[in-house]
>>> print(open('data07.cif').read())   # mmCIF, C-alpha atoms
data_coords
#
loop_
_atom_site.label_atom_id
_atom_site.label_comp_id
_atom_site.auth_asym_id
_atom_site.auth_seq_id
_atom_site.Cartn_x
_atom_site.Cartn_y
_atom_site.Cartn_z
CA MET A 1 -42.69 2.81 4.13
CA ARG A 2 -43.70 -0.43 2.48
CA PHE A 3 -41.54 -2.39 4.92
CA VAL A 4 -42.88 -0.60 8.01
CA ASN A 5 -46.49 -0.91 6.87
CA THR A 6 -46.48 -4.71 6.94
CA HIS A 7 -47.76 -5.03 10.52
CA PRO A 8 -51.30 -6.22 11.23
CA SER A 9 -52.50 -3.64 13.73
CA GLY A 10 -54.59 -0.59 13.16
CA PRO A 11 -57.68 0.41 11.26
CA HIS A 12 -56.11 -0.63 7.94
CA ARG A 13 -56.66 -4.29 8.96
CA LEU A 14 -53.70 -5.52 7.01
CA PRO A 15 -52.53 -9.09 7.53
CA GLU A 16 -49.18 -9.75 9.22
CA ARG A 17 -46.86 -9.94 6.24
CA PHE A 18 -43.88 -11.40 8.15
CA ALA A 19 -45.68 -14.05 10.21
CA SER A 20 -43.70 -16.88 8.65
CA ALA A 21 -40.93 -17.56 6.16
CA LYS A 22 -43.58 -18.26 3.54
CA ASP A 23 -45.30 -14.91 4.18
CA LEU A 24 -42.01 -13.00 4.03
CA HIS A 25 -41.08 -14.79 0.80
CA ALA A 26 -44.46 -13.86 -0.73
CA TRP A 27 -43.95 -10.21 0.28
CA LEU A 28 -40.45 -10.21 -1.24
CA LEU A 29 -41.90 -11.50 -4.51
CA GLU A 30 -44.65 -8.83 -4.48
CA GLN A 31 -42.04 -6.13 -3.96
CA ALA A 32 -39.77 -7.54 -6.71
CA MET A 33 -37.04 -7.99 -4.11
CA GLY A 34 -36.65 -11.73 -4.47
CA SER A 35 -37.24 -14.64 -6.77
CA GLU A 36 -38.80 -18.07 -6.50
CA THR A 37 -35.39 -19.40 -5.49
CA THR A 38 -34.83 -16.86 -2.69
CA HIS A 39 -34.24 -18.85 0.49
CA VAL A 40 -36.20 -17.45 3.45
CA THR A 41 -36.11 -18.96 6.95
CA GLU A 42 -38.30 -18.55 10.02
CA ALA A 43 -35.35 -16.69 11.59
CA ASP A 44 -35.47 -14.24 8.65
CA ALA A 45 -39.16 -13.61 9.31
CA ALA A 46 -38.45 -13.00 13.01
CA ALA A 47 -35.58 -10.64 12.11
CA ALA A 48 -37.89 -8.75 9.73
CA ARG A 49 -40.46 -8.29 12.51
CA GLU A 50 -37.76 -7.07 14.93
CA LEU A 51 -36.34 -4.60 12.41
CA ARG A 52 -39.83 -3.33 11.60
CA GLU A 53 -40.69 -2.85 15.30
CA ALA A 54 -37.46 -0.95 15.95
CA LEU A 55 -38.19 1.34 13.01
CA ILE A 56 -41.77 1.90 14.16
CA THR A 57 -40.48 2.93 17.60
CA VAL A 58 -38.16 5.51 16.02
CA LEU A 59 -40.96 6.77 13.76
CA LEU A 60 -43.27 7.09 16.77
CA ALA A 61 -40.59 9.24 18.40
CA HIS A 62 -40.70 11.44 15.28
CA SER A 63 -44.45 11.79 15.96
CA ALA A 64 -43.79 12.77 19.60
CA ASP A 65 -45.78 9.77 20.81
CA GLN A 66 -46.11 9.95 24.61
CA SER A 67 -46.22 6.17 24.98
CA THR A 68 -42.75 5.82 23.43
CA THR A 69 -40.40 6.06 26.39
CA SER A 70 -36.75 7.03 26.23
CA ASP A 71 -35.85 3.45 27.21
CA MET A 72 -37.91 2.06 24.32
CA LEU A 73 -36.25 4.49 21.93
CA ALA A 74 -32.76 3.66 23.21
CA GLU A 75 -33.46 -0.05 22.81
CA ALA A 76 -34.75 0.47 19.25
CA GLU A 77 -31.74 2.61 18.32
CA SER A 78 -29.40 0.00 19.78
CA TYR A 79 -31.11 -2.71 17.74
CA LEU A 80 -30.78 -0.61 14.57
CA ARG A 81 -27.04 -0.07 15.22
CA HIS A 82 -26.65 -3.82 15.62
CA ALA A 83 -28.65 -4.45 12.44
CA ALA A 84 -26.44 -1.99 10.55
CA SER A 85 -23.39 -4.06 11.48
CA ARG A 86 -25.10 -7.28 10.33
CA TYR A 87 -26.39 -5.84 7.05
CA PRO A 88 -23.59 -3.61 5.73
CA LEU A 89 -24.00 -1.08 2.96
CA ILE A 90 -21.73 -0.09 0.12
CA THR A 91 -21.52 3.24 -1.66
CA VAL A 92 -22.32 3.10 -5.35
CA VAL A 93 -20.82 6.04 -7.23
CA THR A 94 -21.96 6.80 -10.78
CA ALA A 95 -21.76 9.79 -13.10
CA SER A 96 -25.25 10.83 -11.99
CA GLY A 97 -24.62 10.61 -8.25
CA ALA A 98 -23.95 8.34 -5.32
CA SER A 99 -26.24 6.03 -3.38
CA LEU A 100 -26.11 3.29 -0.80
CA ALA A 101 -26.78 -0.34 -1.64
CA PRO A 102 -26.80 -3.52 0.41
CA ALA A 103 -23.56 -5.48 0.37
CA GLN A 104 -25.54 -8.74 0.54
CA SER A 105 -28.34 -10.27 -1.50
CA ASP A 106 -31.58 -12.07 -0.69
CA VAL A 107 -33.10 -11.40 2.77
CA PRO A 108 -29.99 -9.71 4.22
CA GLY A 109 -30.09 -7.50 1.13
CA LEU A 110 -33.69 -6.54 1.96
CA PHE A 111 -32.67 -5.47 5.45
CA GLY A 112 -29.71 -3.57 4.03
CA THR A 113 -32.01 -1.82 1.56
CA VAL A 114 -34.31 -0.71 4.40
CA LEU A 115 -31.33 0.72 6.28
CA ALA A 116 -29.96 2.35 3.10
CA ASN A 117 -33.32 4.05 2.50
CA ALA A 118 -33.39 5.40 6.06
CA THR A 119 -29.84 6.69 5.67
CA GLU A 120 -30.62 8.40 2.39
CA LEU A 121 -33.72 10.05 3.89
CA ALA A 122 -31.57 11.31 6.77
CA GLN A 123 -28.92 12.61 4.36
CA ALA A 124 -31.66 14.41 2.40
CA GLY A 125 -32.77 16.10 5.64
CA VAL A 126 -36.26 14.58 5.68
CA TRP A 127 -35.86 11.60 8.05
CA ASP A 128 -37.76 13.41 10.82
CA ARG A 129 -40.74 13.74 8.45
CA VAL A 130 -41.06 9.96 8.21
CA ARG A 131 -43.43 9.11 11.02
CA ALA A 132 -45.68 6.48 12.49
CA CYS A 133 -49.30 7.26 13.26
CA ARG A 134 -49.78 8.00 16.97
CA HIS A 135 -53.25 6.46 16.99
CA GLN A 136 -53.11 3.30 19.05
CA PRO A 137 -52.94 0.65 17.56
CA CYS A 138 -52.47 1.96 13.99
CA HIS A 139 -48.78 2.96 13.90
CA PHE A 140 -48.99 3.09 10.10
CA GLY A 141 -45.92 4.72 8.57
CA PHE A 142 -46.38 7.93 6.59
CA PHE A 143 -44.46 10.91 5.26
CA ASP A 144 -45.45 14.23 6.86
CA ARG A 145 -46.14 16.58 3.97
CA THR A 146 -47.69 19.34 6.09
CA ARG A 147 -46.27 22.82 5.86
CA ASN A 148 -45.74 23.11 9.62
CA LYS A 149 -44.21 19.61 9.93
CA ASN A 150 -46.71 18.70 12.66
CA ALA A 151 -48.66 15.69 11.34
CA VAL A 152 -48.97 12.89 13.89
CA TYR A 153 -51.73 10.74 12.33
CA CYS A 154 -51.65 8.87 9.04
CA GLY A 155 -54.98 10.37 8.01
CA PRO A 156 -58.20 12.02 9.14
CA LYS A 157 -59.79 8.73 10.22
CA CYS A 158 -57.10 8.06 12.83
CA GLY A 159 -57.05 11.69 13.95
CA SER A 160 -60.83 11.63 14.40
CA ARG A 161 -60.73 8.35 16.32
CA GLU A 162 -58.04 9.69 18.64
CA SER A 163 -59.98 12.92 19.23
CA MET A 164 -63.11 10.92 20.05
CA ARG A 165 -61.19 8.69 22.46
CA ALA A 166 -59.73 11.75 24.24
CA TYR A 167 -63.20 13.32 24.39
CA ARG A 168 -64.67 10.18 25.98
CA GLN A 169 -61.84 10.03 28.52
CA ARG A 170 -62.48 13.66 29.50
CA LYS A 171 -66.22 12.98 29.89
CA ARG A 172 -65.52 9.92 32.09
CA ALA A 173 -63.07 11.91 34.20
CA LEU A 174 -65.61 14.71 34.68
CA ALA A 175 -68.33 12.20 35.58
CA SER A 176 -66.12 10.47 38.14
CA GLN A 177 -65.17 13.85 39.65
CA ARG A 178 -68.86 14.76 39.91
CA ASP A 179 -69.61 11.42 41.56
CA ALA A 180 -66.76 11.90 44.04
CA LEU A 181 -68.02 15.29 45.26
CA PRO A 182 -69.81 15.22 48.62
CA GLU A 183 -73.46 16.20 48.51
#
>>> encode(input="data07.cif", output="structure tokens")
Amino acid sequence: MRFVNTHPSGPHRLPERFASAKDLHAWLLEQAMGSETTHVTEADAAAARELREALITVLLAHSADQSTTSDMLAEAESYLRHAASRYPLITVVTASGASLAPAQSDVPGLFGTVLANATELAQAGVWDRVRACRHQPCHFGFFDRTRNKNAVYCGPKCGSRESMRAYRQRKRALASQRDALPE
């Protein structure tokens, strides 16, 4: 979730965390995923934004977002398959269990870790509960903890804003229908 929730949009008013190599490096340090000597390029920052956007598209599909088309989803899934080939994972087997880990270090290791986490969530049977808020433009990532597995907003604020927007659209539609009626 931390990786997905680095985008600037939405009511959370977060800054773009991957705007530049410097920003990505700072985020890696905050997350204890890099060191002062970790080399980060502008291409790494662009790749981070692309990976994040592909993941958000898939998470919006989990939320049954109507604006996420099948073409958008297919493109995101294709990108994620390509990313998986660029950032391979290895299986780490220990006495206490098995897990996936990135085969690379530094920035490619970050991307591998993101893909490993998604894979482990899928293997645990909870990947479809990882969602992105349907409220435009929030798209904040969250884990659906509801009993009926139906959450589509990250919180009550976004749900309320979306309800109010739908209400206003209905009122405008009714007003325009009234105005269009002959007298």
>>> atom_distance(input="data07.cif", atom1="CA of Met1 in chain A", atom2="CA of Gly141 in chain A")
5.8 Å
>>> residues_around(input="data07.cif", residues="Ser63 in chain A", least_positions_apart="4", cutoff="12 Å", atoms="all atoms listed in the file", output="list in words")
Ile56, Thr57, Val58, Leu59, Ser67, Thr68, Trp127, Asp128, Arg129, Val130, Arg131, Ala132, Cys133, Arg134, His135, His139, Phe140, Gly141, Phe142, Phe143, Asp144, Lys149, Asn150, Ala151, Val152, Tyr153 and Cys154 of chain A
>>> atom_distance(input="data07.cif", atom1="CA of Asp23 in chain A", atom2="CA of Val114 in chain A")
18.0 Å
>>> residues_around(input="data07.cif", residues="Pro102 in chain A", least_positions_apart="6", cutoff="6 Å", atoms="all atoms listed in the file", output="ChimeraX atom specification")
/A:89,109,112-113
>>> residues_near_point(input="data07.cif", point="(-29.3, -5.6, 11.8)", cutoff="12 Å", atoms="all atoms listed in the file", output="JSON, numbers by chain")
{"A": [44, 46, 47, 48, 49, 50, 51, 52, 54, 55, 76, 77, 78, 79, 80, 81, 82, 83, 84, 85, 86, 87, 88, 89, 102, 107, 108, 109, 110, 111, 112, 113, 114, 115, 116]}
>>> residues_around(input="data07.cif", residues="Lys22 in chain A", least_positions_apart="6", cutoff="10 Å", atoms="all atoms listed in the file", output="list in words")
Leu28, His39, Val40, Thr41, Glu42 and Ala45 of chain A
>>> resolve_selection(input="data07.cif", expression="the PyMOL selection byres ((chain A and resi 8) around 12)", output="ChimeraX atom specification")
/A:4-7,9-19,49,52-53,137-140
>>> atom_distance(input="data07.cif", atom1="CA of Val126 in chain A", atom2="CA of Phe3 in chain A")
17.8 Å
